[in-house]
Structures are given as structure tokens and as C-alpha cells.
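Undergrad: This is the structure I want to talk about, given as C-alpha cells.
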Amino acid sequence: MGDLKLNGVTKDFGSARVIHPTDLDIRDGDFTVFVGPSGCGKSTMLRMIAGLEDISAGTLEIDGRVVNKLPPAKRGIAMVFQSYALYPHMSVFENIAFPLRVDGLPQAEVEAKVNRAAEVLKLTERLDHRPGELSGGQRQRVAIGRAIVREPSVFLFDEPLSNLDAALRGEMRVELSRLHGHLGNTMIYVTHDQVEAMTMADRIVVLNAGYVEQAGTPLELFHRPANRFVAGFIGNPN
Ligand code: ADP
Ligand code: MG
């Protein structure tokens with residue numbers, strides 16, 4: 001399961017309101033992209049969903065249960081950040097296995113889960129290597145492997161490709177779409193890149209200055225933008 005419901009979710013930092021009251025339904029299995037300019041509140045939104053940031057007002061429900069007070073580890077959510085740190089002295093296997101070691105899983109189970117994740121991410125041949133011996137794309141896949149290995153029902157990605165060059169970014173977009181097709185779980189992907197949003201999303205949420213300007217399918221936004229901001233933003237890919 002991985003249904004999310006935001007009811008009036010709001011974020012204030014001191015006297016600054018950075019997320020205005022937001023209602024949003026995210027259906028189980030959807031690939032949802034939050035897109036908007038830098039500083040509009042994308043990361044803050046993800047961090048509230050992940051439980052890394054308190055919700056100032058409103059409620060967040062996961063599968064019908066209010067989780068405002070639930071710590072990150074108990075939400076069934078995994079997050080992949082823009083800058084990911086792999087352990088350089090550990091093998092790819094141990095990098096992916098790390099969260100399972102923390103959970104104290106028995107070795108046989110660790111091996112089964114890591115091998116499954118590696119297969120999905122086409123890293124099976126690289127499990128004995130160190131991160132330093134991998135390409136940028138492979139290293140990014142190891143970071144994703146570490147997120148999927150606990151089999152969360154919801155994945156959050158915060159601009160995971162923005163440090164990669166254009167060719168690799170294109171390749172990773174395809175990889176992530178494939179991963180979504182394979183795992184079929186809920187994914188929320190944050191980007192400031194309209195092309196990424198249009199090509200990857202089942203559903204796009206356009207954010208601007210802490211407000212949701214529009215939520216809909218890529219085609220809906222393209223053909224029926226709710227306002228000039230959406231029309232300009234979606235219509236002007238960079
Ligand atoms: P985005 O990810 O879309 O670039 P952020 O969610 O990082 O935007 O930031 C949204 C707004 O909230 C920005 O104006 C930012 O300066 C502010 N902000 C983010 N984190 C904090 C914080 N810890 N304290 C105060 N202001 C913050
Ligand atoms: Mg951000």
C-alpha cells in the first residue's frame with residue numbers, strides 16, 4: 001500500500017509561511033512529480049512527508065492513518081537525496097545492505113534482499129566492487145539500491161539526478177521509470193526540470209511560492225494549464 005493524503009498541510013519556519021495549506025491525494029502506485037522553481041517549497045514538502053520536518057498545521061495520512069507524529073523509520077517511506085554518500089571502503093553489496101544491518105536482519109535474509117535489489121538495478125556484476133570503481137550512474141543506482149532494499153511502500157526522490165551530466169540524466173530517467181514499472185510502488189519525485197516532469201510523471205503537482213498551482217496529468221497541464229504560471233512553466237522547458 002502507499003496511498004497518501006494531505007489535508008491542509010502547512011509549514012511555517014518562524015513567522016515565514018513556506019507551504020500554504022495544501023490538500024493533495026496521491027494514489028498508491030502513482031509516479032507523482034513535484035515541479036517548481038528553486039525555493040518554492042519542494043524539499044520542505046518531501047521532508048514533511050518523510051517525517052524529517054514537523055508539519056505546522058493539517059494532517060498527513062498514509063493508507064488512511066494520520067502519521068503526523070510517526071517517526072521517519074515507521075512510515076514505510078524511503079528517501080533518495082540529490083547528494084548521496086556511499087561508504088567508499090565498503091563493497092557495493094555492503095553499501096546496499098547497510099540499512100538491513102542496522103535493522104539486525106539475519107545474513108541469509110540480507111543476501112536475498114540485496115541480491116533482489118541488485119538484480120532490479122542491474123548491479124549484480126558489481127556487488128564486489130567499491131564505489132570508487134563505478135561510473136556515476138552506477139553509484140547513483142547503489143544509492144537507490146540502499147533506499148529500495150527495505151522494500152518501502154513509498155519512495156521520495158529529491159532532485160536525485162541534478163548532479164549528473166545530461167547524458168547520464170537521460171539514462172537515469174529511463175532507469176527510474178523502469179524501476180517504477182518493476183516495483184509498482186508510490187514514487188514522489190521532486191525536480192525543477194520541466195522535461196523530467198513531463199516525461200516521467202503519471203501526475204504532476206506544480207508548486208510556486210508555497211502554493212500548489214495545479215495538479216494533473218502531463219497532458220492536462222499541457223493542454224489546460226490552470227493559469228499563466230503553469231502555462232509559462234510547462235510551456236518553457238529549459
Ligand atoms: P525547494 O526545494 O523548492 O528549492 P525548499 O523547500 O528548500 O525549496 O525551501 C522553501 C522555502 O523555505 C525557501 O524560502 C527556504 O529558504 C525556506 N526554508 C527551507 N528550510 C528552512 C529552514 N530550515 N528554516 C527557515 N527557512 C527554510
Ligand atoms: Mg530543494
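Residue numbering restarts at 1 in every chain; chains get A, B, ... in the order shown in the C-alpha cells, and ligands count up from 1 in that same order.
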Counting only C-alpha atoms and all ligand atoms, which protein, DNA or RNA residues come within 9 Å of ligand 2, given as number ranges by chain?
TA: A: 38-44, 46, 82, 158-159, 190-192
Undergrad: Output the selection as a short mmCIF file (atom, residue, chain, number, x, y, z; two decimals), in the first residue's frame - C-alpha atoms for each residue.
TA:
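Printed below is again.cif as written:
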```
data_model
loop_
_atom_site.label_atom_id
_atom_site.label_comp_id
_atom_site.auth_asym_id
_atom_site.auth_seq_id
_atom_site.Cartn_x
_atom_site.Cartn_y
_atom_site.Cartn_z
CA SER A 38 14.05 26.85 -6.69
CA GLY A 39 12.81 27.88 -3.25
CA CYS A 40 9.12 27.12 -3.92
CA GLY A 41 8.95 24.50 -1.14
CA LYS A 42 9.52 21.17 -2.89
CA SER A 43 12.11 19.84 -0.46
CA THR A 44 10.12 21.06 2.53
CA LEU A 46 9.04 15.96 0.83
CA GLN A 82 20.49 14.83 -4.51
CA ASP A 158 14.70 14.93 -4.07
CA GLU A 159 16.35 16.04 -7.32
CA VAL A 190 10.99 16.38 -6.95
CA THR A 191 12.60 18.38 -9.72
CA HIS A 192 12.88 21.92 -11.05
#
```
Undergrad: So which one's closest to ligand 1, A:Asp128, A:Asp193, A:Asp202, A:Glu175? Using only C-alpha atoms and all ligand atoms, please.
TA: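 The shortest atom-to-atom distance to ligand 1 comes from A:Asp193.
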Undergrad: Just want the 6 Å neighbourhood of stretch 48-55 of chain A, counted on only C-alpha atoms, with same-chain residues fewer than 2 positions away dropped. Output as a PyMOL selection string.
TA: chain A and resi 11+45-46+57+71-72
Undergrad: Only C-alpha atoms, please: the residues just picked out, written as a compact mmCIF listing (two decimals), in the first residue's frame.
TA:
```
# COMPACT_ATOMS: atom_id res chain seq x y z
CA LYS A 11 4.69 24.71 7.02
CA MET A 45 7.06 19.21 1.24
CA LEU A 46 9.04 15.96 0.83
CA ALA A 57 -0.80 22.51 10.64
CA PRO A 71 9.00 8.93 13.19
CA PRO A 72 10.54 8.53 9.71
```
Undergrad: Do a neighbour search on A:Arg146 at 8 Å with only C-alpha atoms, toss out local chain neighbours closer than 2 positions, and write the hits as an mmCIF file with C-alpha atoms, in the first residue's frame.
TA:
```cif
data_model
loop_
_atom_site.group_PDB
_atom_site.id
_atom_site.type_symbol
_atom_site.label_atom_id
_atom_site.label_comp_id
_atom_site.auth_asym_id
_atom_site.auth_seq_id
_atom_site.Cartn_x
_atom_site.Cartn_y
_atom_site.Cartn_z
ATOM 1 C CA ASN A 95 26.575 -0.308 0.876
ATOM 2 C CA ILE A 96 23.184 -1.649 -0.189
ATOM 3 C CA ALA A 97 22.967 -3.986 2.811
ATOM 4 C CA PHE A 98 23.658 -1.201 5.309
ATOM 5 C CA PRO A 99 20.022 -0.431 6.318
ATOM 6 C CA VAL A 142 23.782 1.924 -5.491
ATOM 7 C CA ALA A 143 22.249 4.860 -3.583
ATOM 8 C CA ILE A 144 18.840 3.892 -4.942
ATOM 9 C CA ILE A 148 14.759 0.151 -2.047
ATOM 10 C CA VAL A 149 16.355 -2.699 -0.112
ATOM 11 C CA ARG A 150 13.953 -2.316 2.817
#
```
Undergrad: Looking at A:Val9, A:Val120, A:Ala166, A:Ala147, which one is nearest to A:Asp25, with distances taken over only C-alpha atoms?
TA: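 Going through A:Val9, A:Val120, A:Ala166, A:Ala147 one by one, the smallest distance to A:Asp25 is for A:Val9.
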Undergrad: Select from stretch 70-149 of chain A everything DSSP, run on the backbone, classes as strand (DSSP E or B), then give the selection as a ChimeraX atom specification.
TA: /A:77-80
Undergrad: For the residues in that selection, give me N, CA and C atoms as a compact mmCIF listing (two decimals), in the first residue's frame.
TA:
```txt
# COMPACT_ATOMS: atom_id res chain seq x y z
N ILE A 77 8.56 4.65 4.34
CA ILE A 77 9.00 5.57 3.29
C ILE A 77 10.52 5.56 3.21
N ALA A 78 11.04 5.62 1.98
CA ALA A 78 12.49 5.78 1.81
C ALA A 78 12.74 7.01 0.97
N MET A 79 13.82 7.69 1.26
CA MET A 79 14.13 8.94 0.55
C MET A 79 15.51 8.88 -0.08
N VAL A 80 15.60 9.32 -1.33
CA VAL A 80 16.89 9.43 -2.03
C VAL A 80 17.16 10.91 -2.27
```
